[in-house]
$ cat model.cif   # mmCIF, C-alpha atoms
data_input
loop_
_atom_site.label_atom_id
_atom_site.label_comp_id
_atom_site.auth_asym_id
_atom_site.auth_seq_id
_atom_site.Cartn_x
_atom_site.Cartn_y
_atom_site.Cartn_z
CA MET A 1 7.11 22.74 15.00
CA ASN A 2 6.20 23.12 11.33
CA GLU A 3 5.34 26.34 9.45
CA PHE A 4 1.60 25.85 9.84
CA GLU A 5 1.86 25.57 13.61
CA TRP A 6 4.22 28.51 13.68
CA ARG A 7 1.75 30.66 11.77
CA GLN A 8 -1.08 29.60 14.05
CA GLN A 9 1.01 30.62 17.01
CA MET A 10 1.92 33.96 15.48
CA ARG A 11 -1.62 34.79 14.38
CA ARG A 12 -2.72 34.46 17.98
CA LEU A 13 -0.66 37.56 18.70
CA ARG A 14 -2.92 39.52 16.39
CA GLU A 15 -5.29 40.96 18.90
CA PRO A 16 -6.65 44.41 19.58
CA VAL A 17 -4.71 46.09 22.35
CA ALA A 18 -6.19 48.88 24.45
CA PRO A 19 -3.88 51.83 25.00
CA ARG A 20 -2.89 52.17 28.66
CA ARG A 21 -4.76 55.46 28.86
CA ASP A 22 -7.57 57.08 26.91
CA LEU A 23 -5.92 58.94 24.05
CA TRP A 24 -9.02 60.80 22.91
CA ASN A 25 -8.36 63.99 24.89
CA VAL A 26 -4.89 64.33 23.38
CA ILE A 27 -6.24 63.60 19.91
CA GLU A 28 -9.04 66.13 20.31
CA ALA A 29 -6.59 68.80 21.45
CA ALA A 30 -4.44 68.04 18.40
CA LEU A 31 -7.49 68.32 16.13
CA GLU A 32 -8.29 71.76 17.53
CA ASP A 33 -4.71 72.80 16.99
CA CYS A 34 -4.91 71.47 13.41
CA GLY A 35 -8.06 73.50 12.81
CA GLU A 36 -6.47 76.70 14.06
CA LYS A 37 -3.31 76.09 12.09
CA ALA A 38 -5.29 75.43 8.93
CA ALA A 39 -7.27 78.63 9.41
CA ARG A 40 -4.10 80.62 10.02
CA ALA A 41 -2.46 79.08 6.96
CA GLN A 42 -5.49 80.03 4.86
CA ILE A 43 -5.35 83.64 6.05
CA ARG A 44 -1.60 83.76 5.41
CA GLN A 45 -2.10 82.33 1.94
CA ARG A 46 -4.79 84.89 1.10
CA ALA A 47 -2.64 87.71 2.41
CA SER A 48 0.37 86.56 0.44
CA THR A 49 -1.65 86.24 -2.78
CA ARG A 50 -3.00 89.81 -2.63
CA PRO A 51 0.27 91.68 -3.39
CA TRP A 52 0.99 89.26 -6.22
CA LEU A 53 -2.39 89.94 -7.78
CA LEU A 54 -1.82 93.68 -7.52
CA ALA A 55 1.69 93.42 -8.94
CA ALA A 56 0.44 91.26 -11.82
CA ALA A 57 -2.34 93.72 -12.58
CA VAL A 58 -0.05 96.74 -12.53
CA THR A 59 2.65 95.04 -14.62
CA GLY A 60 0.10 93.81 -17.16
CA ALA A 61 -1.44 97.25 -17.46
CA PHE A 62 1.90 98.97 -17.99
CA LEU A 63 3.00 96.42 -20.58
CA LEU A 64 -0.18 96.86 -22.56
CA ALA A 65 -0.09 100.62 -22.28
CA GLY A 66 3.51 100.63 -23.54
CA ASN A 67 2.60 98.34 -26.40
CA LEU A 68 -0.34 100.52 -27.37
CA GLY A 69 1.76 103.64 -27.24
CA LEU A 70 4.31 102.11 -29.62
CA GLN A 71 1.67 101.00 -32.10
CA VAL A 72 -0.06 104.36 -32.12
CA HIS A 73 3.19 106.22 -32.69
CA ARG A 74 4.08 103.92 -35.57
CA ASP A 75 0.98 105.00 -37.47
CA ALA A 76 2.38 108.08 -39.21
CA SER A 77 -0.88 108.92 -40.98
CA ILE A 78 -2.49 109.83 -37.74
CA ALA A 79 -1.86 113.27 -36.38
CA PRO A 80 -0.73 113.33 -32.78
CA ALA A 81 -3.68 113.79 -30.60
CA SER A 82 -3.77 116.50 -28.10
CA ALA A 83 -3.42 115.45 -24.50
CA PRO A 84 -6.54 113.48 -23.83
CA ALA A 85 -8.89 114.67 -21.24
CA LEU A 86 -10.07 111.79 -19.12
CA ALA A 87 -13.65 110.89 -19.75
CA ASP A 88 -16.07 111.43 -16.94
CA THR A 89 -16.76 107.71 -16.88
CA ALA A 90 -13.04 106.89 -16.37
CA TRP A 91 -12.42 104.37 -13.64
CA ARG A 92 -10.51 105.69 -10.62
CA PRO A 93 -9.21 102.85 -8.47
CA SER A 94 -9.07 103.45 -4.77
CA ASP A 95 -5.70 101.73 -4.53
CA PRO A 96 -2.99 104.31 -5.37
CA ARG A 97 -0.80 101.54 -6.82
CA LEU A 98 -3.34 100.96 -9.55
CA SER A 99 -4.19 104.55 -10.37
CA GLY A 100 -1.14 105.07 -12.60
CA ALA A 101 -1.97 102.03 -14.72
CA ALA A 102 -5.65 103.03 -14.89
CA ILE A 103 -4.80 106.53 -16.15
CA GLU A 104 -2.41 105.09 -18.76
CA LEU A 105 -5.01 102.67 -20.01
CA ASP A 106 -7.75 105.25 -20.15
CA ALA A 107 -5.50 107.65 -22.02
CA ALA A 108 -4.61 104.90 -24.48
CA ARG A 109 -8.28 104.13 -25.00
CA ILE A 110 -9.13 107.77 -25.70
CA GLU A 111 -6.18 108.14 -28.07
CA LEU A 112 -7.33 105.11 -29.97
CA GLN A 113 -10.86 106.44 -30.21
CA GLN A 114 -9.55 109.69 -31.62
CA ALA A 115 -7.31 107.83 -34.08
CA MET A 116 -10.26 105.80 -35.26
CA HIS A 117 -12.22 108.93 -36.07
CA GLN A 118 -9.45 109.84 -38.48
CA SER A 119 -8.90 106.41 -40.06
CA ASN A 120 -11.19 103.52 -39.40
CA SER A 121 -8.39 100.93 -39.43
CA PRO A 122 -9.23 97.33 -38.35
CA SER A 123 -5.98 97.04 -36.39
CA LEU A 124 -6.94 100.14 -34.43
CA GLN A 125 -10.33 98.60 -33.73
CA ARG A 126 -8.65 95.48 -32.41
CA LEU A 127 -6.31 97.54 -30.26
CA LEU A 128 -9.21 99.49 -28.85
CA ALA A 129 -11.02 96.26 -28.00
CA ARG A 130 -7.89 94.89 -26.31
CA THR A 131 -7.42 98.07 -24.32
CA GLU A 132 -10.99 97.92 -23.09
CA ARG A 133 -10.57 94.26 -22.15
CA GLN A 134 -7.40 95.08 -20.26
CA GLN A 135 -9.19 97.85 -18.40
CA ALA A 136 -11.92 95.42 -17.39
CA GLN A 137 -9.31 92.91 -16.29
CA LEU A 138 -7.53 95.51 -14.20
CA ARG A 139 -10.81 96.36 -12.44
CA HIS A 140 -11.39 92.68 -11.83
CA PHE A 141 -7.90 92.22 -10.33
CA ALA A 142 -8.40 95.27 -8.16
CA GLN A 143 -11.70 93.90 -6.88
CA GLU A 144 -10.16 90.50 -6.15
CA ALA A 145 -7.23 92.05 -4.37
CA GLY A 146 -9.66 93.96 -2.20
CA MET B 1 2.33 26.17 26.30
CA ILE B 2 0.63 28.41 23.88
CA ALA B 3 -1.83 31.03 24.99
CA ALA B 4 -5.50 30.26 24.47
CA CYS B 5 -6.85 31.34 21.13
CA PRO B 6 -9.83 33.68 21.23
CA ALA B 7 -12.37 32.42 18.74
CA THR B 8 -12.66 35.68 16.87
CA ASP B 9 -8.96 36.12 16.48
CA CYS B 10 -8.02 32.86 14.85
CA SER B 11 -10.52 33.28 12.09
CA MET B 12 -9.45 36.83 11.45
CA PRO B 13 -8.72 37.28 7.77
CA PRO B 14 -5.56 39.07 6.67
CA ALA B 15 -4.65 42.69 6.83
CA SER B 16 -7.54 44.25 4.97
CA ALA B 17 -10.15 42.96 7.40
CA ALA B 18 -12.59 45.57 8.67
CA PRO B 19 -14.40 45.33 11.96
CA ALA B 20 -18.13 45.17 12.30
CA ALA B 21 -20.31 48.27 12.19
CA THR B 22 -19.16 49.15 8.69
CA ASP B 23 -22.40 51.02 7.99
CA ASP B 24 -21.99 53.08 11.13
CA ASP B 25 -18.40 53.69 10.12
CA ALA B 26 -19.41 54.97 6.71
CA ASP B 27 -21.97 57.38 8.19
CA ASP B 28 -19.60 58.56 10.88
CA ALA B 29 -16.74 58.91 8.41
CA ARG B 30 -18.90 61.15 6.20
CA ALA B 31 -19.97 63.24 9.18
CA ALA B 32 -16.41 63.48 10.46
CA ALA B 33 -15.17 64.49 7.01
CA SER B 34 -17.45 67.51 7.22
CA GLY B 35 -16.07 68.42 10.65
CA ASP B 36 -18.24 66.47 13.11
CA ARG B 37 -15.89 65.70 16.02
CA ARG B 38 -18.43 63.54 17.85
CA ALA B 39 -18.67 61.26 14.83
CA PHE B 40 -14.89 61.08 14.74
CA GLN B 41 -14.82 60.25 18.43
CA ARG B 42 -17.19 57.33 17.78
CA LEU B 43 -14.82 56.12 15.04
CA TYR B 44 -11.96 56.42 17.49
CA ARG B 45 -13.82 54.39 20.10
CA ARG B 46 -14.60 51.63 17.61
CA HIS B 47 -11.12 51.40 16.08
CA ALA B 48 -8.61 52.55 18.68
CA GLU B 49 -7.79 49.10 20.05
CA ARG B 50 -7.32 47.47 16.69
CA ILE B 51 -5.12 50.31 15.44
CA HIS B 52 -3.19 50.46 18.68
CA GLY B 53 -2.65 46.70 18.56
CA ALA B 54 -1.14 46.86 15.09
CA VAL B 55 1.20 49.77 15.81
CA TYR B 56 2.09 48.34 19.22
CA ARG B 57 3.39 45.18 17.55
CA LEU B 58 5.22 47.16 14.85
CA ALA B 59 6.77 49.40 17.51
CA GLY B 60 8.27 46.33 19.17
CA TYR B 61 5.74 46.25 22.02
CA ASP B 62 6.78 49.70 23.19
CA HIS B 63 3.69 51.22 24.84
CA ALA B 64 4.78 54.85 24.73
CA ARG B 65 5.83 54.75 21.09
CA ALA B 66 2.66 52.89 20.16
CA GLU B 67 0.50 55.49 21.90
CA ASP B 68 2.24 58.28 20.03
CA LEU B 69 1.71 56.44 16.76
CA THR B 70 -1.96 55.80 17.53
CA GLN B 71 -2.52 59.48 18.25
CA GLU B 72 -0.67 60.53 15.12
CA ALA B 73 -2.65 58.06 13.04
CA PHE B 74 -6.00 59.41 14.23
CA VAL B 75 -4.93 63.02 13.75
CA ARG B 76 -3.71 62.21 10.25
CA ALA B 77 -6.95 60.36 9.55
CA TRP B 78 -8.93 63.45 10.58
CA GLN B 79 -6.89 65.57 8.20
CA LYS B 80 -7.21 63.12 5.35
CA LEU B 81 -10.86 62.18 5.84
CA PRO B 82 -12.20 64.74 3.36
CA GLY B 83 -10.20 62.88 0.70
CA PHE B 84 -11.44 59.42 1.73
CA ARG B 85 -13.53 58.14 -1.16
CA HIS B 86 -15.20 55.17 0.57
CA GLU B 87 -13.76 52.73 -1.97
CA SER B 88 -12.74 50.53 0.95
CA ALA B 89 -14.13 50.16 4.46
CA PHE B 90 -13.13 52.96 6.79
CA GLY B 91 -11.45 50.45 9.12
CA THR B 92 -9.27 49.14 6.31
CA TRP B 93 -8.31 52.64 5.24
CA LEU B 94 -7.47 53.65 8.79
CA TYR B 95 -5.49 50.48 9.42
CA ARG B 96 -3.36 51.04 6.30
CA LEU B 97 -2.80 54.66 7.25
CA ALA B 98 -1.68 53.73 10.77
CA VAL B 99 0.63 50.95 9.57
CA ASN B 100 2.06 53.28 6.99
CA MET B 101 2.86 55.81 9.70
CA ALA B 102 4.45 53.16 11.88
CA LEU B 103 6.62 52.08 8.96
CA MET B 104 7.59 55.61 7.97
CA GLU B 105 10.52 55.74 10.34
CA ILE B 106 11.81 52.34 9.26
CA ARG B 107 11.48 53.29 5.61
CA ALA B 108 13.30 56.57 6.14
CA ARG B 109 16.34 55.26 7.93
CA ARG B 110 16.66 52.02 5.93
CA ALA B 111 17.68 50.25 9.09
CA ASP B 112 19.33 46.83 9.15
CA PRO B 113 19.41 46.31 5.41
CA VAL B 114 19.46 42.81 4.02
CA GLY B 115 20.33 42.41 0.38
CA PHE B 116 18.13 40.70 -2.15
CA VAL B 117 18.13 36.92 -1.69
CA ASP B 118 16.70 34.55 -4.22
CA GLU B 119 14.07 32.20 -2.81
CA GLN B 120 16.18 29.24 -3.93
CA GLN B 121 18.99 30.42 -1.71
CA LEU B 122 16.92 30.33 1.46
CA PRO B 123 17.61 27.32 3.71
CA ASP B 124 15.46 24.26 3.16
CA ARG B 125 12.81 22.94 5.52
CA GLY B 126 15.36 21.08 7.62
CA GLU B 127 16.60 24.42 8.86
CA THR B 128 13.24 26.09 9.43
CA PRO B 129 13.50 28.36 12.44
CA PHE B 130 10.08 27.64 13.92
CA CYS B 131 9.69 27.13 17.64
CA ALA B 132 6.92 27.17 20.20
CA ALA B 133 6.93 29.75 22.94
CA GLU B 134 4.77 31.41 25.52
CA ARG B 135 2.98 34.48 24.33
CA GLU B 136 4.87 36.87 26.58
CA GLU B 137 8.22 35.37 25.68
CA LEU B 138 7.36 35.64 22.03
CA GLU B 139 6.33 39.27 22.30
CA GLN B 140 9.44 40.12 24.26
CA ALA B 141 11.64 38.40 21.68
CA ILE B 142 9.89 40.19 18.80
CA GLY B 143 10.56 43.47 20.60
CA THR B 144 14.31 42.78 20.48
CA LEU B 145 14.43 42.28 16.70
CA PRO B 146 15.99 44.93 14.44
CA PRO B 147 13.21 47.28 13.25
CA ARG B 148 13.12 46.26 9.60
CA ALA B 149 13.22 42.54 10.29
CA ARG B 150 10.58 42.98 12.98
CA ALA B 151 8.34 44.93 10.61
CA VAL B 152 8.49 42.17 8.01
CA LEU B 153 7.88 39.45 10.62
CA VAL B 154 4.95 41.30 12.18
CA LEU B 155 3.35 42.15 8.86
CA HIS B 156 3.79 38.68 7.37
CA ASP B 157 3.42 36.27 10.25
CA ILE B 158 1.08 38.20 12.52
CA GLU B 159 -0.85 40.64 10.34
CA GLY B 160 -1.05 38.22 7.40
CA TRP B 161 0.33 40.44 4.66
CA ARG B 162 1.85 38.99 1.49
CA HIS B 163 5.47 39.65 0.58
CA GLU B 164 4.34 41.72 -2.41
CA GLU B 165 2.40 44.05 -0.11
CA ILE B 166 5.26 44.28 2.36
CA GLY B 167 7.75 44.98 -0.42
CA ALA B 168 5.56 47.77 -1.77
CA GLU B 169 5.01 49.31 1.65
CA LEU B 170 8.63 49.10 2.78
CA ASP B 171 10.05 49.93 -0.63
CA MET B 172 11.97 46.67 -0.96
CA ALA B 173 12.07 43.76 -3.38
CA VAL B 174 9.95 40.69 -2.70
CA GLY B 175 13.12 38.63 -2.34
CA THR B 176 14.44 41.06 0.26
CA SER B 177 11.22 40.80 2.20
CA LYS B 178 11.55 37.00 2.21
CA ALA B 179 15.16 37.24 3.32
CA GLN B 180 14.22 39.64 6.12
CA LEU B 181 11.49 37.27 7.25
CA HIS B 182 13.83 34.31 7.37
CA ARG B 183 16.40 36.34 9.26
CA ALA B 184 13.78 37.57 11.71
CA ARG B 185 12.57 34.03 12.40
CA GLN B 186 16.13 32.86 13.00
CA LEU B 187 16.84 35.74 15.35
CA LEU B 188 13.60 35.02 17.13
CA ARG B 189 14.46 31.39 17.56
CA ARG B 190 17.85 32.38 18.92
CA ALA B 191 16.30 34.89 21.30
CA LEU B 192 13.93 32.23 22.55
CA GLY B 193 16.85 29.93 23.21
CA ALA B 194 15.71 27.24 20.78
CA GLY B 195 18.96 27.00 18.93
CA SER B 196 18.88 23.32 18.06
#
$ encode --input "model.cif" --output "structure tokens"
Amino acid sequence: MNEFEWRQQMRRLREPVAPRRDLWNVIEAALEDCGEKAARAQIRQRASTRPWLLAAAVTGAFLLAGNLGLQVHRDASIAPASAPALADTAWRPSDPRLSGAAIELDAARIELQQAMHQSNSPSLQRLLARTERQQAQLRHFAQEAG
Amino acid sequence: MIAACPATDCSMPPASAAPAATDDDADDARAAASGDRRAFQRLYRRHAERIHGAVYRLAGYDHARAEDLTQEAFVRAWQKLPGFRHESAFGTWLYRLAVNMALMEIRARRADPVGFVDEQQLPDRGETPFCAAEREELEQAIGTLPPRARAVLVLHDIEGWRHEEIGAELDMAVGTSKAQLHRARQLLRRALGAGS
């Protein structure tokens, strides 16, 4: 037998073969299981992302507040402001974990506004803008985190 | 004697061949990708035998193993369908996916390794291990081959793959694939009792 005949012989083995039983029911059950698992995984993923978002928001807010505090104290020409009263429009998050950061940020914003009345410095303007952006971001994180 | 050759089978082009109803396949594949189980069931009905045939041969004609592999292949296809970009026929895509799954085990355990052999080193035509056999005998003998050698033999001699494709799929050099094929044919000849 030469190679050509061999190959002819072997190619004849290439035929569709029916499984001994219908596999569809098993496959369908596995698909349902896959669907449920995927849904559960999605819920788990969402749940595990939420605390991270909150933690990131709180950490970011504290870092910025600390940074702002340092910069304000460095400016010797500005008299220390009296303890700022929170504006009526101040944002009060429902999540107690965020309320500390929100108060810090709002206080920083008010301090900056007061400082700007005394000296209209461009760096103070930039800081004020950043503080307001950070506040907005914190609200956004809080909304996303539910 | 050799088993009769069904007309459709002998003219079957190599591995990438897709069955008929390609248009239906494309529509059903799109529907199934968006979660339509009935469409996926139709795909299963059209392709199950071809897929099962391929994995049955790769699994050494072991029915139970082949059925497991067929099920796994269809479940995996369902999961991967949303990513199927219709660049090839659905049948071709499914076939490659199923073969890939059947080879996964062989690839992982690197069974019966054969080192790289240069083509020049392979025996000349006087020693070619070709022999005629009955279909059942042949299938039984293929089932006794070591998994890696069997995979190369099935893919090359039955499924019509090229050594380059086999090498890529089994993560081996082309020369190794050729060596495995030669070894498989020799073992087959021995198993069939055609030693001379």
$ resolve_selection --input "model.cif" --expression "the PyMOL selection byres ((chain A) within 12 of (chain B))" --output "PyMOL selection string"
chain A and resi 1-35+37-38
$ resolve_selection --input "model.cif" --expression "the PyMOL selection byres ((chain A and resi 61) around 9)" --output "VMD selection string"
chain A and resid 56 to 60 62 to 66 98 101 to 102 104 to 105 134 to 135 138
$ closest_residue --input "model.cif" --among "B:Leu58, B:Ser34, B:Arg42, B:Leu103" --to "B:Ile142" --atoms "only C-alpha atoms"
B:Leu58
$ atom_distance --input "model.cif" --atom1 "atom CA of B:Leu81" --atom2 "atom CA of B:Val152"
27.9 Å
$ resolve_selection --input "model.cif" --expression "the PyMOL selection byres ((chain B and resi 170) around 9)" --output "list in words"
Asn100, Leu103, Met104, Ile106, Arg107, Arg148, Ala151, Val152, Glu165, Ile166, Gly167, Ala168, Glu169, Asp171, Met172, Ala173 and Ser177 of chain B
$ closest_residue --input "model.cif" --among "B:Phe84, B:Glu105, B:Phe90, B:Arg65" --to "B:Asp25" --atoms "all atoms listed in the file"
B:Phe90
$ atom_distance --input "model.cif" --atom1 "atom CA of A:Trp52" --atom2 "atom CA of A:Leu68"
24.0 Å
$ atom_distance --input "model.cif" --atom1 "atom CA of A:Ala115" --atom2 "atom CA of A:Arg130"
15.1 Å
$ build_atoms --input "model.cif" --residues "stretch 60-88 of chain B" --atoms "N, CA and C atoms" --output "PDB file, in the coordinates of the input"
ATOM      1  N   GLY B  60       7.499  47.229  18.302  1.00  0.00           N
ATOM      2  CA  GLY B  60       8.270  46.330  19.170  1.00  0.00           C
ATOM      3  C   GLY B  60       7.737  46.270  20.578  1.00  0.00           C
ATOM      4  N   TYR B  61       6.416  46.364  20.712  1.00  0.00           N
ATOM      5  CA  TYR B  61       5.740  46.250  22.020  1.00  0.00           C
ATOM      6  C   TYR B  61       6.175  47.357  22.975  1.00  0.00           C
ATOM      7  N   ASP B  62       6.426  48.526  22.393  1.00  0.00           N
ATOM      8  CA  ASP B  62       6.780  49.700  23.190  1.00  0.00           C
ATOM      9  C   ASP B  62       5.502  50.537  23.364  1.00  0.00           C
ATOM     10  N   HIS B  63       4.974  50.548  24.581  1.00  0.00           N
ATOM     11  CA  HIS B  63       3.690  51.220  24.840  1.00  0.00           C
ATOM     12  C   HIS B  63       3.709  52.695  24.483  1.00  0.00           C
ATOM     13  N   ALA B  64       4.750  53.398  24.942  1.00  0.00           N
ATOM     14  CA  ALA B  64       4.780  54.850  24.730  1.00  0.00           C
ATOM     15  C   ALA B  64       4.831  55.193  23.252  1.00  0.00           C
ATOM     16  N   ARG B  65       5.699  54.498  22.533  1.00  0.00           N
ATOM     17  CA  ARG B  65       5.830  54.750  21.090  1.00  0.00           C
ATOM     18  C   ARG B  65       4.506  54.414  20.378  1.00  0.00           C
ATOM     19  N   ALA B  66       3.915  53.309  20.793  1.00  0.00           N
ATOM     20  CA  ALA B  66       2.660  52.890  20.160  1.00  0.00           C
ATOM     21  C   ALA B  66       1.548  53.904  20.412  1.00  0.00           C
ATOM     22  N   GLU B  67       1.535  54.480  21.605  1.00  0.00           N
ATOM     23  CA  GLU B  67       0.500  55.490  21.900  1.00  0.00           C
ATOM     24  C   GLU B  67       0.705  56.737  21.050  1.00  0.00           C
ATOM     25  N   ASP B  68       1.950  57.128  20.898  1.00  0.00           N
ATOM     26  CA  ASP B  68       2.240  58.280  20.030  1.00  0.00           C
ATOM     27  C   ASP B  68       1.759  57.999  18.600  1.00  0.00           C
ATOM     28  N   LEU B  69       2.084  56.801  18.135  1.00  0.00           N
ATOM     29  CA  LEU B  69       1.710  56.440  16.760  1.00  0.00           C
ATOM     30  C   LEU B  69       0.195  56.389  16.592  1.00  0.00           C
ATOM     31  N   THR B  70      -0.497  55.873  17.610  1.00  0.00           N
ATOM     32  CA  THR B  70      -1.960  55.800  17.530  1.00  0.00           C
ATOM     33  C   THR B  70      -2.542  57.205  17.450  1.00  0.00           C
ATOM     34  N   GLN B  71      -2.037  58.090  18.293  1.00  0.00           N
ATOM     35  CA  GLN B  71      -2.520  59.480  18.250  1.00  0.00           C
ATOM     36  C   GLN B  71      -2.252  60.104  16.890  1.00  0.00           C
ATOM     37  N   GLU B  72      -1.036  59.939  16.423  1.00  0.00           N
ATOM     38  CA  GLU B  72      -0.670  60.530  15.120  1.00  0.00           C
ATOM     39  C   GLU B  72      -1.555  59.981  14.016  1.00  0.00           C
ATOM     40  N   ALA B  73      -1.832  58.683  14.089  1.00  0.00           N
ATOM     41  CA  ALA B  73      -2.650  58.060  13.040  1.00  0.00           C
ATOM     42  C   ALA B  73      -4.050  58.655  13.020  1.00  0.00           C
ATOM     43  N   PHE B  74      -4.640  58.859  14.191  1.00  0.00           N
ATOM     44  CA  PHE B  74      -6.000  59.410  14.230  1.00  0.00           C
ATOM     45  C   PHE B  74      -6.011  60.884  13.794  1.00  0.00           C
ATOM     46  N   VAL B  75      -4.985  61.613  14.180  1.00  0.00           N
ATOM     47  CA  VAL B  75      -4.930  63.020  13.750  1.00  0.00           C
ATOM     48  C   VAL B  75      -4.781  63.086  12.230  1.00  0.00           C
ATOM     49  N   ARG B  76      -3.905  62.237  11.705  1.00  0.00           N
ATOM     50  CA  ARG B  76      -3.710  62.210  10.250  1.00  0.00           C
ATOM     51  C   ARG B  76      -4.995  61.780   9.554  1.00  0.00           C
ATOM     52  N   ALA B  77      -5.683  60.827  10.146  1.00  0.00           N
ATOM     53  CA  ALA B  77      -6.950  60.360   9.550  1.00  0.00           C
ATOM     54  C   ALA B  77      -7.955  61.506   9.486  1.00  0.00           C
ATOM     55  N   TRP B  78      -8.013  62.289  10.556  1.00  0.00           N
ATOM     56  CA  TRP B  78      -8.930  63.450  10.580  1.00  0.00           C
ATOM     57  C   TRP B  78      -8.590  64.414   9.438  1.00  0.00           C
ATOM     58  N   GLN B  79      -7.303  64.636   9.246  1.00  0.00           N
ATOM     59  CA  GLN B  79      -6.890  65.570   8.200  1.00  0.00           C
ATOM     60  C   GLN B  79      -7.191  65.023   6.807  1.00  0.00           C
ATOM     61  N   LYS B  80      -7.057  63.706   6.675  1.00  0.00           N
ATOM     62  CA  LYS B  80      -7.210  63.120   5.350  1.00  0.00           C
ATOM     63  C   LYS B  80      -8.637  62.675   5.048  1.00  0.00           C
ATOM     64  N   LEU B  81      -9.496  62.683   6.042  1.00  0.00           N
ATOM     65  CA  LEU B  81     -10.860  62.180   5.840  1.00  0.00           C
ATOM     66  C   LEU B  81     -11.608  62.846   4.676  1.00  0.00           C
ATOM     67  N   PRO B  82     -11.477  64.152   4.494  1.00  0.00           N
ATOM     68  CA  PRO B  82     -12.200  64.740   3.360  1.00  0.00           C
ATOM     69  C   PRO B  82     -11.821  64.100   2.015  1.00  0.00           C
ATOM     70  N   GLY B  83     -10.628  63.520   1.948  1.00  0.00           N
ATOM     71  CA  GLY B  83     -10.200  62.880   0.700  1.00  0.00           C
ATOM     72  C   GLY B  83     -10.544  61.393   0.629  1.00  0.00           C
ATOM     73  N   PHE B  84     -11.106  60.860   1.703  1.00  0.00           N
ATOM     74  CA  PHE B  84     -11.440  59.420   1.730  1.00  0.00           C
ATOM     75  C   PHE B  84     -12.658  59.187   0.836  1.00  0.00           C
ATOM     76  N   ARG B  85     -12.486  58.288  -0.145  1.00  0.00           N
ATOM     77  CA  ARG B  85     -13.530  58.140  -1.160  1.00  0.00           C
ATOM     78  C   ARG B  85     -14.451  56.937  -0.942  1.00  0.00           C
ATOM     79  N   HIS B  86     -14.320  56.293   0.207  1.00  0.00           N
ATOM     80  CA  HIS B  86     -15.200  55.170   0.570  1.00  0.00           C
ATOM     81  C   HIS B  86     -15.100  54.010  -0.425  1.00  0.00           C
ATOM     82  N   GLU B  87     -13.951  53.869  -1.067  1.00  0.00           N
ATOM     83  CA  GLU B  87     -13.760  52.730  -1.970  1.00  0.00           C
ATOM     84  C   GLU B  87     -13.458  51.473  -1.157  1.00  0.00           C
ATOM     85  N   SER B  88     -12.944  51.660   0.040  1.00  0.00           N
ATOM     86  CA  SER B  88     -12.740  50.530   0.950  1.00  0.00           C
ATOM     87  C   SER B  88     -13.453  50.872   2.255  1.00  0.00           C
TER      88      SER B  88
END
